[in-house]
$ cat upload-v6.txt   # compact mmCIF, C-alpha atoms and all ligand atoms
# COMPACT_ATOMS: atom_id res chain seq x y z
CA MET A 29 152.14 191.52 53.55
CA VAL A 30 149.79 189.29 51.59
CA VAL A 31 151.25 188.17 48.24
CA VAL A 32 148.91 187.84 45.27
CA LYS A 33 150.10 185.59 42.43
CA THR A 34 149.44 186.11 38.75
CA ALA A 35 147.94 183.31 36.66
CA ARG A 36 151.43 182.62 35.29
CA GLU A 37 152.90 182.38 38.79
CA LEU A 38 150.08 180.06 39.86
CA SER A 39 150.80 177.74 36.97
CA LYS A 40 154.50 177.63 37.96
CA MET A 41 153.54 177.00 41.56
CA LYS A 42 151.36 174.10 40.45
CA ASP A 43 154.50 172.08 39.67
CA ALA A 44 155.96 172.58 43.16
CA CYS A 45 152.60 171.61 44.64
CA ARG A 46 152.30 168.49 42.47
CA ILE A 47 155.78 167.35 43.51
CA SER A 48 154.86 167.93 47.18
CA ALA A 49 151.69 165.90 46.74
CA GLU A 50 153.49 163.05 45.02
CA ALA A 51 156.20 163.02 47.71
CA LEU A 52 153.45 162.73 50.31
CA ARG A 53 151.83 159.86 48.43
CA VAL A 54 155.16 158.04 48.22
CA ALA A 55 155.66 158.60 51.96
CA GLY A 56 152.24 157.15 52.67
CA GLU A 57 152.99 154.04 50.65
CA ALA A 58 156.04 153.50 52.86
CA VAL A 59 154.12 153.68 56.15
CA LYS A 60 154.13 150.08 57.42
CA PRO A 61 154.88 148.27 60.67
CA GLY A 62 158.65 147.83 61.09
CA VAL A 63 159.67 150.86 59.02
CA THR A 64 161.51 153.71 60.75
CA THR A 65 160.51 157.33 60.30
CA TYR A 66 164.12 157.92 59.19
CA GLU A 67 163.56 155.58 56.24
CA ILE A 68 160.39 157.41 55.27
CA ASP A 69 162.21 160.73 55.42
CA ASN A 70 164.89 159.34 53.08
CA ILE A 71 162.25 158.19 50.63
CA VAL A 72 160.69 161.67 50.64
CA ARG A 73 164.02 163.42 50.15
CA ASN A 74 165.09 161.10 47.31
CA TYR A 75 161.77 161.48 45.56
CA ILE A 76 161.79 165.29 45.73
CA GLU A 77 165.42 165.58 44.63
CA LYS A 78 164.83 163.20 41.72
CA GLN A 79 162.24 165.67 40.41
CA GLY A 80 164.88 168.44 40.43
CA ALA A 81 163.17 170.06 43.42
CA SER A 82 164.40 170.55 46.97
CA PRO A 83 162.72 169.65 50.27
CA SER A 84 161.31 172.88 51.70
CA PHE A 85 161.71 171.84 55.32
CA LEU A 86 165.33 170.63 55.22
CA GLY A 87 167.31 173.23 57.17
CA TYR A 88 164.27 175.51 57.53
CA GLY A 89 164.78 177.23 60.89
CA GLY A 90 167.38 174.51 61.48
CA PHE A 91 164.97 171.58 60.99
CA PRO A 92 167.19 168.53 60.42
CA ALA A 93 165.06 166.52 57.95
CA SER A 94 162.98 166.72 54.77
CA ALA A 95 159.65 165.68 56.27
CA CYS A 96 158.04 166.21 59.63
CA ILE A 97 156.82 162.80 60.81
CA SER A 98 154.58 162.92 63.85
CA VAL A 99 153.34 159.66 65.36
CA ASN A 100 150.26 159.21 67.61
CA ASN A 101 150.35 161.87 70.36
CA VAL A 102 152.86 163.97 68.39
CA VAL A 103 150.92 166.82 66.80
CA ILE A 104 153.46 168.27 64.35
CA HIS A 105 157.21 168.80 63.76
CA GLY A 106 158.22 165.25 64.70
CA ILE A 107 161.87 164.66 63.76
CA PRO A 108 162.43 161.48 61.73
CA SER A 109 164.58 158.99 63.64
CA LYS A 110 166.31 155.65 63.11
CA LYS A 111 165.06 154.72 66.58
CA LEU A 112 161.39 155.32 65.81
CA VAL A 113 160.07 152.06 64.39
CA LEU A 114 156.42 152.21 63.30
CA LYS A 115 154.10 149.60 64.71
CA GLU A 116 150.68 148.28 63.81
CA GLY A 117 147.96 150.67 64.98
CA ASP A 118 150.05 153.86 64.89
CA ILE A 119 148.77 156.98 63.18
CA VAL A 120 151.54 158.72 61.27
CA SER A 121 151.28 162.37 60.24
CA VAL A 122 153.64 163.26 57.42
CA ASP A 123 154.12 166.93 56.46
CA VAL A 124 156.05 167.58 53.24
CA GLY A 125 157.00 170.65 51.25
CA ALA A 126 158.86 170.93 47.95
CA TYR A 127 160.53 173.97 46.42
CA TYR A 128 160.65 174.07 42.64
CA ARG A 129 161.30 176.93 40.20
CA GLY A 130 160.74 179.65 42.76
CA PHE A 131 157.73 178.29 44.62
CA HIS A 132 156.84 176.02 47.50
CA GLY A 133 154.04 173.50 47.84
CA ASP A 134 153.05 172.32 51.31
CA ASN A 135 150.82 169.42 52.34
CA ALA A 136 150.25 166.87 55.08
CA PHE A 137 148.29 163.67 55.65
CA THR A 138 147.87 161.34 58.61
CA PHE A 139 148.32 157.73 57.50
CA PRO A 140 147.17 154.63 59.36
CA CYS A 141 149.96 152.11 60.01
CA GLY A 142 148.38 148.73 59.36
CA LYS A 143 145.08 148.24 61.14
CA ILE A 144 144.16 151.07 63.50
CA SER A 145 141.46 151.38 66.15
CA ALA A 146 137.99 152.65 65.27
CA ASP A 147 138.62 155.67 67.53
CA ALA A 148 141.81 156.53 65.67
CA GLN A 149 140.10 156.13 62.31
CA ALA A 150 137.27 158.41 63.42
CA LEU A 151 139.81 161.10 64.36
CA LEU A 152 141.50 160.81 60.96
CA ASP A 153 138.17 160.99 59.12
CA ALA A 154 137.02 164.03 61.10
CA THR A 155 140.30 165.90 60.66
CA LYS A 156 140.35 165.24 56.92
CA GLU A 157 136.74 166.36 56.62
CA SER A 158 137.42 169.49 58.72
CA LEU A 159 140.09 170.40 56.15
CA ASN A 160 137.50 169.96 53.37
CA GLU A 161 135.08 172.18 55.28
CA GLY A 162 137.80 174.82 55.57
CA ILE A 163 138.67 174.57 51.88
CA LYS A 164 135.01 175.16 50.94
CA GLN A 165 135.28 178.56 52.62
CA ALA A 166 138.44 179.55 50.69
CA LEU A 167 136.38 181.85 48.50
CA ALA A 168 137.20 185.30 47.16
CA GLY A 169 135.48 187.84 49.41
CA ASN A 170 135.46 185.51 52.43
CA ARG A 171 137.89 186.02 55.30
CA THR A 172 140.38 183.76 57.05
CA GLY A 173 137.91 183.52 59.95
CA ASP A 174 135.41 181.81 57.66
CA ILE A 175 137.93 179.03 57.08
CA GLY A 176 138.89 178.75 60.75
CA SER A 177 135.33 178.81 61.95
CA ALA A 178 134.31 176.02 59.54
CA VAL A 179 137.21 173.81 60.66
CA GLN A 180 136.57 174.45 64.33
CA LYS A 181 132.82 173.85 64.12
CA TYR A 182 133.26 170.56 62.30
CA ALA A 183 135.88 169.24 64.74
CA GLU A 184 134.21 170.44 67.94
CA ALA A 185 130.81 169.08 66.88
CA ARG A 186 132.48 165.66 67.06
CA SER A 187 133.95 166.39 70.52
CA TYR A 188 137.47 166.90 69.23
CA SER A 189 139.59 169.98 69.92
CA VAL A 190 141.57 172.22 67.64
CA VAL A 191 145.17 173.26 68.29
CA ARG A 192 145.56 177.02 68.71
CA GLU A 193 149.35 177.54 68.86
CA TYR A 194 150.04 176.46 65.27
CA VAL A 195 148.08 177.66 62.27
CA GLY A 196 147.91 177.60 58.49
CA HIS A 197 149.59 180.27 56.42
CA GLY A 198 150.12 181.87 53.07
CA VAL A 199 152.57 179.91 50.91
CA GLY A 200 154.33 180.75 47.66
CA ALA A 201 157.82 182.08 46.97
CA LYS A 202 158.29 181.69 50.73
CA LEU A 203 157.22 178.66 52.71
CA HIS A 204 155.43 180.83 55.25
CA GLU A 205 153.77 184.01 54.04
CA ASP A 206 150.93 186.17 55.30
CA PRO A 207 148.18 185.73 56.20
CA SER A 208 147.92 183.38 59.16
CA VAL A 209 145.06 180.93 58.68
CA PRO A 210 143.95 179.72 62.12
CA ASN A 211 141.87 176.57 62.48
CA TYR A 212 139.47 178.40 64.78
CA GLY A 213 137.81 181.78 64.90
CA PHE A 214 134.75 183.67 63.81
CA ALA A 215 133.12 183.80 60.39
CA GLY A 216 133.40 187.24 58.83
CA HIS A 217 136.60 188.10 60.75
CA GLY A 218 140.25 188.08 59.73
CA VAL A 219 142.04 188.85 56.49
CA ARG A 220 139.93 189.12 53.34
CA LEU A 221 140.67 186.48 50.69
CA ILE A 222 141.30 187.69 47.16
CA PRO A 223 141.96 185.84 43.90
CA GLY A 224 145.63 184.95 43.48
CA MET A 225 146.24 184.30 47.18
CA THR A 226 147.60 180.84 48.00
CA VAL A 227 147.15 179.47 51.49
CA ALA A 228 148.12 176.31 53.32
CA ILE A 229 145.07 175.18 55.30
CA GLU A 230 146.15 172.66 57.92
CA PRO A 231 143.90 171.60 60.78
CA MET A 232 145.60 169.88 63.71
CA VAL A 233 142.85 168.11 65.60
CA ASN A 234 143.23 166.45 69.01
CA GLN A 235 141.29 163.53 70.44
CA GLY A 236 141.46 165.07 73.93
CA SER A 237 142.26 168.59 75.09
CA GLN A 238 143.63 171.28 72.79
CA SER A 239 146.73 171.77 74.98
CA VAL A 240 150.11 171.05 73.43
CA ARG A 241 153.73 171.42 74.50
CA VAL A 242 157.14 171.34 72.83
CA LEU A 243 159.67 168.68 73.84
CA ASP A 244 163.26 169.43 74.84
CA ASP A 245 164.44 168.91 71.24
CA LYS A 246 162.73 172.30 70.60
CA TRP A 247 160.73 170.85 67.68
CA THR A 248 158.44 167.98 68.60
CA VAL A 249 154.97 169.21 69.54
CA VAL A 250 152.94 166.73 71.61
CA THR A 251 149.51 166.69 73.21
CA VAL A 252 149.72 167.44 76.94
CA ASP A 253 147.24 164.67 77.78
CA GLY A 254 149.07 162.10 75.61
CA LYS A 255 146.02 161.47 73.41
CA LEU A 256 146.12 161.19 69.63
CA SER A 257 146.39 164.10 67.21
CA ALA A 258 145.88 164.23 63.44
CA HIS A 259 147.00 166.70 60.78
CA PHE A 260 145.83 167.20 57.20
CA GLU A 261 146.96 170.01 54.91
CA HIS A 262 146.52 171.25 51.37
CA THR A 263 147.89 174.26 49.53
CA VAL A 264 144.86 176.04 48.08
CA ALA A 265 144.61 178.92 45.61
CA ILE A 266 141.81 181.47 45.86
CA THR A 267 140.44 181.92 42.33
CA PRO A 268 137.42 183.68 40.81
CA ASP A 269 136.00 180.19 40.20
CA GLY A 270 136.37 179.06 43.81
CA PRO A 271 139.04 177.20 45.77
CA ARG A 272 141.62 175.31 43.72
CA ILE A 273 143.48 172.57 45.59
CA MET A 274 147.05 172.83 44.30
CA THR A 275 148.56 169.83 46.11
CA LEU A 276 147.00 167.06 44.06
CA CYS A 277 148.80 164.20 42.32
CA ASP A 278 148.50 163.74 38.55
MG MG A 301 152.18 174.32 56.43
$ encode --input "upload-v6.txt" --output "structure tokens"
Amino acid sequence: MVVVKTARELSKMKDACRISAEALRVAGEAVKPGVTTYEIDNIVRNYIEKQGASPSFLGYGGFPASACISVNNVVIHGIPSKKLVLKEGDIVSVDVGAYYRGFHGDNAFTFPCGKISADAQALLDATKESLNEGIKQALAGNRTGDIGSAVQKYAEARSYSVVREYVGHGVGAKLHEDPSVPNYGFAGHGVRLIPGMTVAIEPMVNQGSQSVRVLDDKWTVVTVDGKLSAHFEHTVAITPDGPRIMTLCD
């Protein structure tokens, strides 16, 4: 069931989204060679809790940490670890959600660790821009397929591939709500977007093939070919005046 929020609910949800965005910014500032993903997770958790919010992902479906931190060929759901020390040239996807006063915000960003290769930077740029292309289609009267199609076209035109097994989603009082928002599909198809809907749009774009698999820890999703993958996400509200990105810092 698709949940439509009132203007009052949207303004409450804005706080959760702002905290999520700021937690992500703080995480990004911590991405440096020599830092462990465990340390970054701690920084995220402390920041969110200091705001009187709680990390949406901690314990969600049994997930053991506050942030998903996915390095290089890890697509999503990487588990922070004391053993994973970041090194120069890594790309580090951080996915963070915060729950505050009844609502969740959800966002992700792939950060460069130190100096990265031109190929890696191009993947980051294209994935970020594919998210922007998707957001432009988050218009009342459009359908989820308009978003997915825009993301897919942008990524595939640059010879990248789009992950199929994991998709964006409605977000609000629950972290995952209807509808699903795939990063592929056909314009004019899917669920119709109406004002008051809030969706997490989150392209996962691979340098090589679209194929992914889950490691034995039951969480970590990696590319089958071992090539890089990037992930950018915003929580976006559908409004009569167009898409409103909720996960922005002050
Ligand atoms: Mg999400």
$ residues_near_ligand --input "upload-v6.txt" --ligand "ligand MG 301 (chain A)" --cutoff "12 Å" --atoms "all atoms listed in the file" --output "compact mmCIF listing (two decimals) with C-alpha atoms, in the frame of the given file"
# COMPACT_ATOMS: atom_id res chain seq x y z
CA SER A 48 154.86 167.93 47.18
CA SER A 84 161.31 172.88 51.70
CA PHE A 85 161.71 171.84 55.32
CA ALA A 95 159.65 165.68 56.27
CA CYS A 96 158.04 166.21 59.63
CA ILE A 104 153.46 168.27 64.35
CA HIS A 105 157.21 168.80 63.76
CA VAL A 122 153.64 163.26 57.42
CA ASP A 123 154.12 166.93 56.46
CA VAL A 124 156.05 167.58 53.24
CA GLY A 125 157.00 170.65 51.25
CA ALA A 126 158.86 170.93 47.95
CA HIS A 132 156.84 176.02 47.50
CA GLY A 133 154.04 173.50 47.84
CA ASP A 134 153.05 172.32 51.31
CA ASN A 135 150.82 169.42 52.34
CA ALA A 136 150.25 166.87 55.08
CA PHE A 137 148.29 163.67 55.65
CA TYR A 194 150.04 176.46 65.27
CA VAL A 195 148.08 177.66 62.27
CA GLY A 196 147.91 177.60 58.49
CA HIS A 197 149.59 180.27 56.42
CA GLY A 198 150.12 181.87 53.07
CA VAL A 199 152.57 179.91 50.91
CA GLY A 200 154.33 180.75 47.66
CA LYS A 202 158.29 181.69 50.73
CA LEU A 203 157.22 178.66 52.71
CA HIS A 204 155.43 180.83 55.25
CA GLU A 205 153.77 184.01 54.04
CA ASP A 206 150.93 186.17 55.30
CA SER A 208 147.92 183.38 59.16
CA VAL A 209 145.06 180.93 58.68
CA PRO A 210 143.95 179.72 62.12
CA THR A 226 147.60 180.84 48.00
CA VAL A 227 147.15 179.47 51.49
CA ALA A 228 148.12 176.31 53.32
CA ILE A 229 145.07 175.18 55.30
CA GLU A 230 146.15 172.66 57.92
CA PRO A 231 143.90 171.60 60.78
CA MET A 232 145.60 169.88 63.71
CA HIS A 259 147.00 166.70 60.78
CA PHE A 260 145.83 167.20 57.20
CA GLU A 261 146.96 170.01 54.91
CA HIS A 262 146.52 171.25 51.37
CA THR A 263 147.89 174.26 49.53
CA VAL A 264 144.86 176.04 48.08
CA THR A 275 148.56 169.83 46.11
$ axis_aligned_box --input "upload-v6.txt" --around "range 114-124 of chain A" --padding-each-side "5 Å" --output "AutoDock Vina command-line options"
--center_x 152.2 --center_y 157.9 --center_z 59.1 --size_x 18.5 --size_y 29.3 --size_z 21.7
$ closest_residue --input "upload-v6.txt" --among "A:Pro140, A:Gly80, A:Gly130, A:Pro108" --to "Tyr66 in chain A" --atoms "only C-alpha atoms"
A:Pro108
$ closest_residue --input "upload-v6.txt" --among "A:Ile175, A:Ile144, A:Cys277, A:Val103" --to "Asp253 in chain A" --atoms "only C-alpha atoms"
A:Val103
$ residues_around --input "upload-v6.txt" --residues "Ile266 in chain A" --least-positions-apart "4" --cutoff "9 Å" --atoms "all atoms listed in the file" --output "list in words"
Ala166, Leu167, Ala168, Leu221, Ile222, Pro223, Gly224, Met225, Thr226, Val227, Gly270, Pro271 and Arg272 of chain A
$ closest_residue --input "upload-v6.txt" --among "A:Lys156, A:Lys33, A:Lys143, A:Arg73" --to "Val54 in chain A" --atoms "all atoms listed in the file"
A:Arg73
$ closest_residue --input "upload-v6.txt" --among "A:Asn234, A:Asn74, A:Ile107, A:Lys164" --to "Gly90 in chain A" --atoms "all atoms listed in the file"
A:Ile107
$ atom_distance --input "upload-v6.txt" --atom1 "CA of Lys60 in chain A" --atom2 "CA of Asn100 in chain A"
14.2 Å
$ closest_residue --input "upload-v6.txt" --among "A:Gly254, A:Ser94, A:Pro268, A:Met274" --to "Ser82 in chain A" --atoms "all atoms listed in the file"
A:Ser94
$ residues_around --input "upload-v6.txt" --residues "Ile68 in chain A" --least-positions-apart "3" --cutoff "6 Å" --atoms "only C-alpha atoms" --output "list in words"
Ala55, Thr65 and Ile71 of chain A
$ write_last_selection --input "upload-v6.txt" --atoms "C-alpha atoms" --output "CSV table (one decimal), in the frame of the given file"
chain,number,residue,atom,x,y,z
A,55,ALA,CA,155.7,158.6,52.0
A,65,THR,CA,160.5,157.3,60.3
A,71,ILE,CA,162.2,158.2,50.6
